[in-house]
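Okay, so here's the structure we're looking at.
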Amino acid sequence: MSTDNVSASILKGKNDAGYWEMDSLAKLVTPIQNKHIPVYKWYNFKHSFSRNLVLSILSSLNLKEGDIVFDPFCGAGTTLLASREMGLKAIGSDLMPLSIIVSNAKLGKYSKSEISRRLREITSLPSKNKSVADSVIHPLKKYFPPTEFADFLLLRDNVMDIENVKTRNLFLMALLSALEDASFTKKDGAFLREVNNKVTKPVRKAFSERMEIILQDLPFLNNLPTVDSYAILSDARRTGLKTDSVATIITSPPYPNRHDYTRIYYLELMLGFFQDYSDIKELRYKMFRSHVEARKVYEPTGYEQPAALTQILEKINGRDLPNRKVVETIQGYFEDMYIFLRETYRVLRHDGTMHIIIGDARYGGIAVPAGKLTARIGTNVGFTVERIQKARDRGNSPQQMGKFGKVSSPENIISFRKI
Ligand SMILES: C[S@@+](CC[C@H](N)C(=O)[O-])C[C@H]1O[C@@H](n2cnc3c(N)ncnc32)[C@H](O)[C@@H]1O
């Protein structure tokens with residue numbers, strides 16, 4: 001596929017590993033660069049990889065017009081947008097409705113004048129007076145300065161009234177992305193932390209600033225090739241995609257590190273999508289088993305646990321652990337990985353490739369080599385492992401460092417082929 005749409009300064013030639021030499025792989029597996037690239041910067045999604053990583057992988061493949069790129073854990077839509085830049089069709093799926101809104105917002109085409117007009121309408125609405133704002137009773141009000149929560153609800157209700165679905169989703173994404181600046185919270189690794197002494201921005205100001213960035217970026221988006229790309233709410237373990245339909249998969253599943261997306265994006269999910277706490281719990285239970293509250297959803301029929309994993313689980317079980325459920329969680333994680341790998345093997349066409357970015361973890365000082373185990377399980381379902389590339393080493397948590405010293409866990413890119 002042509003790389004004409006991609007800035008020449010990015011693509012410099014292939015490195016020994018066969019990928020395009022761009023930036024260090026360590027940077028490419030993080031969202032750092034996306035923060036400076038139009039459209040990619042619209043949502044600060046902590047667990048994204050970079051646009052350049054996707055461009056790098058796509059440029060190393062011989063894809064043709066009409067080929068489909070798939071990201072079964074699409075997060076903030078990085079794979080989908082980068083594929084569109086290359087003129088390739090893309091499908092994404094994710095279990096979190098926030099991801100679907102964010103991904104699809106980045107794949108739209110919009111009229112700048114229509115978006116500006118709507119923005120003026122919404123931001124010129126009079127705020128509720130103080131006594132009305134004070135009388136609002138809501139469990140999430142405590143995360144905002146008094147009166148600001150009422151203003152958020154007012155803006156949200158007006159955004160929700162926008163009839164055009166694409167426009168509504170764009171505004172909703174912008175409003176939810178403003179929560180980071182407008183609330184007393186901070187996303188801290190696996191957690192959403194309450195920071196009561198934080199200097200916040202008024203909701204309306206934070207929202208307007210986000211919308212200004214979006215307006216500036218619209219020409220970039222509107223000039224991208226028109227190809228069919230979209231994200232759907234669906235489980236990576238049961239995609240619903242046709243057998244042999246996908247040319248390549250570029251994705252990053254949750255890592256076995258106990259991060260729970262329903263907690264990290266708690267405010268966004270509760271204020272943008274859900275009616276009450278039971279909805280968020282339901283989602284928490286059915287996510288990939290990377291955290292202790294996720295539950296078994298699908299039977300791993302035919303799965304044989306790798307002997308290396310059995311030994312690791314025995315060792316971890318013998319350690320002093322803050323939560324003994326992690327043993328069951330890690331076991332479940334690789335069962336889910338097996339179900340996911342079987343599903344991706346099914347949807348990939350003959351000779352198709354899959355590129356998985358995945359980080360190892362540590363429990364009780366014992367390494368859980370998620371990359372190698374995933375490669376092993378992938379081989380068991382029929383894939384050929386073409387390459388395991390280490391992108392970077394990540395340090396262990398302060399608690400683990402205090403107990404076991406400084407040790408790092410690699411983050412790898414595994415490339416599979418369906419022969
Ligand atoms: C590491 S993030 C992906 C980030 C993405 N590559 C990007 O660049 O933004 C993992 C994603 O998996 C999603 N997820 C967790 N369990 C899932 C499941 N069973 N099916 C589909 N998505 C799931 C989470 O909601 C999260 O968005």
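Quick note on naming: the chains in the structure tokens go A, B, ... in the order shown, residues restart at 1 in each chain, and ligands are numbered from 1 in order of appearance.
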Mind listing the residues within 9 Å of ligand 1, only C-alpha atoms and all ligand atoms counted, as a PyMOL selection string?
-> chain A and resi 29-31+45-51+71-79+93-100+103+233-239+250-255+260-262+284+286-290+336+340+357-358
Atoms to include: N, CA and C atoms. Write the selected residues as a short mmCIF file (atom, residue, chain, number, x, y, z; two decimals), in the first residue's frame.
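Printed below is result.cif as written:
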data_model
loop_
_atom_site.label_atom_id
_atom_site.label_comp_id
_atom_site.auth_asym_id
_atom_site.auth_seq_id
_atom_site.Cartn_x
_atom_site.Cartn_y
_atom_site.Cartn_z
N VAL A 29 5.88 2.17 21.61
CA VAL A 29 4.83 1.39 22.29
C VAL A 29 4.09 2.21 23.34
N THR A 30 4.38 3.50 23.41
CA THR A 30 3.66 4.38 24.34
C THR A 30 2.87 5.44 23.55
N PRO A 31 1.95 6.15 24.24
CA PRO A 31 1.18 7.17 23.51
C PRO A 31 1.87 8.53 23.45
N PHE A 45 -5.55 8.74 26.13
CA PHE A 45 -5.80 7.34 26.51
C PHE A 45 -4.45 6.76 26.94
N LYS A 46 -4.35 6.45 28.22
CA LYS A 46 -3.04 6.11 28.80
C LYS A 46 -2.43 4.83 28.23
N HIS A 47 -3.30 3.96 27.70
CA HIS A 47 -2.79 2.64 27.32
C HIS A 47 -2.61 2.48 25.81
N SER A 48 -2.51 3.61 25.11
CA SER A 48 -2.35 3.51 23.65
C SER A 48 -0.90 3.24 23.26
N PHE A 49 -0.73 2.70 22.07
CA PHE A 49 0.59 2.73 21.44
C PHE A 49 0.58 3.88 20.44
N SER A 50 1.69 4.08 19.72
CA SER A 50 1.78 5.29 18.90
C SER A 50 1.33 5.04 17.46
N ARG A 51 0.93 6.13 16.84
CA ARG A 51 0.58 6.09 15.42
C ARG A 51 1.77 5.56 14.61
N ASP A 71 -8.29 -4.26 14.69
CA ASP A 71 -7.77 -4.13 16.06
C ASP A 71 -8.86 -4.55 17.03
N PRO A 72 -8.77 -5.78 17.56
CA PRO A 72 -9.83 -6.28 18.44
C PRO A 72 -9.87 -5.63 19.82
N PHE A 73 -8.81 -4.92 20.22
CA PHE A 73 -8.83 -4.15 21.49
C PHE A 73 -8.49 -2.71 21.10
N CYS A 74 -9.43 -2.01 20.45
CA CYS A 74 -9.01 -0.80 19.72
C CYS A 74 -8.74 0.41 20.60
N GLY A 75 -9.15 0.41 21.88
CA GLY A 75 -8.81 1.51 22.78
C GLY A 75 -9.20 2.86 22.21
N ALA A 76 -8.22 3.72 21.96
CA ALA A 76 -8.52 5.06 21.43
C ALA A 76 -8.44 5.11 19.91
N GLY A 77 -8.39 3.97 19.25
CA GLY A 77 -8.51 3.92 17.79
C GLY A 77 -7.23 4.20 17.02
N THR A 78 -6.07 4.04 17.65
CA THR A 78 -4.80 4.35 16.98
C THR A 78 -4.62 3.53 15.70
N THR A 79 -4.85 2.23 15.78
CA THR A 79 -4.67 1.37 14.60
C THR A 79 -5.61 1.80 13.47
N SER A 93 -12.68 -3.19 17.56
CA SER A 93 -13.71 -3.54 18.53
C SER A 93 -13.14 -3.33 19.92
N ASP A 94 -14.03 -3.11 20.85
CA ASP A 94 -13.62 -2.93 22.25
C ASP A 94 -14.87 -3.15 23.09
N LEU A 95 -14.66 -3.55 24.34
CA LEU A 95 -15.82 -3.76 25.23
C LEU A 95 -16.23 -2.48 25.94
N MET A 96 -15.36 -1.47 25.90
CA MET A 96 -15.68 -0.23 26.61
C MET A 96 -16.36 0.76 25.67
N PRO A 97 -17.58 1.20 26.00
CA PRO A 97 -18.26 2.14 25.09
C PRO A 97 -17.45 3.42 24.86
N LEU A 98 -16.68 3.84 25.86
CA LEU A 98 -15.84 5.03 25.69
C LEU A 98 -14.90 4.86 24.49
N SER A 99 -14.30 3.69 24.36
CA SER A 99 -13.37 3.43 23.26
C SER A 99 -14.07 3.53 21.91
N ILE A 100 -15.30 3.08 21.87
CA ILE A 100 -16.02 3.08 20.59
C ILE A 100 -16.34 4.52 20.17
N SER A 103 -12.90 6.20 19.21
CA SER A 103 -12.38 5.68 17.93
C SER A 103 -13.23 6.19 16.76
N LEU A 233 -18.80 -2.16 19.38
CA LEU A 233 -18.76 -2.66 20.74
C LEU A 233 -18.82 -4.18 20.68
N SER A 234 -17.70 -4.83 20.90
CA SER A 234 -17.74 -6.28 20.82
C SER A 234 -16.53 -6.88 21.53
N ASP A 235 -16.64 -8.15 21.86
CA ASP A 235 -15.62 -8.83 22.65
C ASP A 235 -14.55 -9.42 21.74
N ALA A 236 -13.29 -9.18 22.08
CA ALA A 236 -12.19 -9.67 21.25
C ALA A 236 -12.16 -11.21 21.22
N ARG A 237 -12.85 -11.84 22.16
CA ARG A 237 -12.84 -13.30 22.18
C ARG A 237 -13.96 -13.88 21.31
N ARG A 238 -14.91 -13.05 20.90
CA ARG A 238 -16.01 -13.46 20.00
C ARG A 238 -16.30 -12.27 19.10
N THR A 239 -15.55 -12.13 18.02
CA THR A 239 -15.62 -10.88 17.26
C THR A 239 -16.84 -10.77 16.35
N ILE A 250 -3.37 -5.57 14.20
CA ILE A 250 -2.37 -4.85 15.01
C ILE A 250 -3.09 -4.46 16.29
N THR A 251 -2.61 -4.98 17.41
CA THR A 251 -3.39 -4.81 18.62
C THR A 251 -2.56 -4.90 19.89
N SER A 252 -3.16 -4.46 20.97
CA SER A 252 -2.53 -4.58 22.27
C SER A 252 -3.59 -4.95 23.30
N PRO A 253 -3.56 -6.18 23.79
CA PRO A 253 -4.58 -6.58 24.77
C PRO A 253 -4.25 -5.96 26.13
N PRO A 254 -5.18 -6.01 27.08
CA PRO A 254 -4.80 -5.61 28.44
C PRO A 254 -3.63 -6.50 28.88
N TYR A 255 -2.71 -5.96 29.62
CA TYR A 255 -1.58 -6.76 30.13
C TYR A 255 -2.00 -7.43 31.44
N ASP A 260 -7.53 -2.19 35.71
CA ASP A 260 -8.95 -2.37 35.45
C ASP A 260 -9.46 -1.09 34.77
N TYR A 261 -9.74 -1.19 33.49
CA TYR A 261 -10.14 -0.01 32.70
C TYR A 261 -11.43 0.61 33.24
N THR A 262 -12.28 -0.22 33.84
CA THR A 262 -13.56 0.35 34.34
C THR A 262 -13.33 1.21 35.58
N ARG A 284 -17.09 -4.61 34.21
CA ARG A 284 -15.86 -5.02 34.91
C ARG A 284 -15.72 -6.54 34.91
N LYS A 286 -16.94 -8.70 32.82
CA LYS A 286 -16.80 -9.42 31.55
C LYS A 286 -15.59 -9.01 30.72
N MET A 287 -14.76 -8.11 31.26
CA MET A 287 -13.54 -7.72 30.53
C MET A 287 -12.55 -8.90 30.49
N PHE A 288 -11.57 -8.80 29.64
CA PHE A 288 -10.47 -9.77 29.58
C PHE A 288 -9.93 -9.96 31.00
N ARG A 289 -9.56 -11.19 31.37
CA ARG A 289 -9.21 -11.43 32.79
C ARG A 289 -7.79 -10.93 33.14
N SER A 290 -7.62 -9.61 33.10
CA SER A 290 -6.33 -9.02 33.43
C SER A 290 -6.35 -8.44 34.84
N ASP A 336 -8.07 -16.82 28.59
CA ASP A 336 -8.67 -15.82 27.69
C ASP A 336 -7.78 -15.57 26.48
N PHE A 340 -8.85 -15.86 22.65
CA PHE A 340 -8.61 -14.71 21.75
C PHE A 340 -7.76 -15.14 20.55
N ILE A 357 1.24 -6.21 20.84
CA ILE A 357 2.13 -5.51 21.77
C ILE A 357 1.68 -5.92 23.17
N ILE A 358 2.61 -6.49 23.93
CA ILE A 358 2.21 -7.04 25.23
C ILE A 358 3.36 -6.93 26.23
#
Hey, what's within 12 Å of stretch 82-88 of chain A if we count only C-alpha atoms and toss same-chain stuff fewer than 4 positions away? As a count of residues only, please?
-> 59
Pick out the residues sitting within 7 Å of stretch 167-178 of chain A, and hand them over as a ChimeraX atom specification; count only C-alpha atoms, and ignore anything fewer than 3 positions along from it in its own chain.
-> /A:43,101-102,105,159-160,162-164,181-182,203,206-207,210-211,268
With distances taken over only C-alpha atoms, which of A:Val327, A:Trp42, A:Asp244, A:Ser60 is nearest to A:Glu212?
-> A:Trp42
re atom CA of A:Gln331 and atom CA of A:Pro398: distance 24.5 Å
Write out as an MDAnalysis selection string the residues lying within 7 Å of A:Lys418, counting only C-alpha atoms and excluding same-chain residues fewer than 2 positions away.
-> chainID A and resid 345 350:353 383:384 416
Work out how far atom CA of A:Asn158 is from atom CA of A:Ser113, in Å to one decimal.
-> 18.5 Å
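The smallest atom-to-atom distance between A:Gly382 and any of A:Ser408, A:Gln400, A:Ser208, A:Thr344, using only C-alpha atoms, is found for A:Thr344.
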Secondary structure check, alpha helix (DSSP H) residues of stretch 122-286 of chain A, as number ranges by chain | A: 122-123, 130-135, 148-160, 165-177, 179-182, 203-222, 261-264, 266-272, 277-286
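Between atom CA of A:Arg319 and atom CA of A:Phe191 the interatomic distance comes to 24.2 Å.
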Judged by only C-alpha atoms, the minimum distance to A:Thr185 among A:Arg394, A:Ile264, A:Ile214, A:Arg118 is found for A:Ile264
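In terms of minimum interatomic distance to A:Asp151, A:Lys205 ranks closest within A:Glu121, A:Phe184, A:Asn380, A:Lys205, counting only C-alpha atoms.
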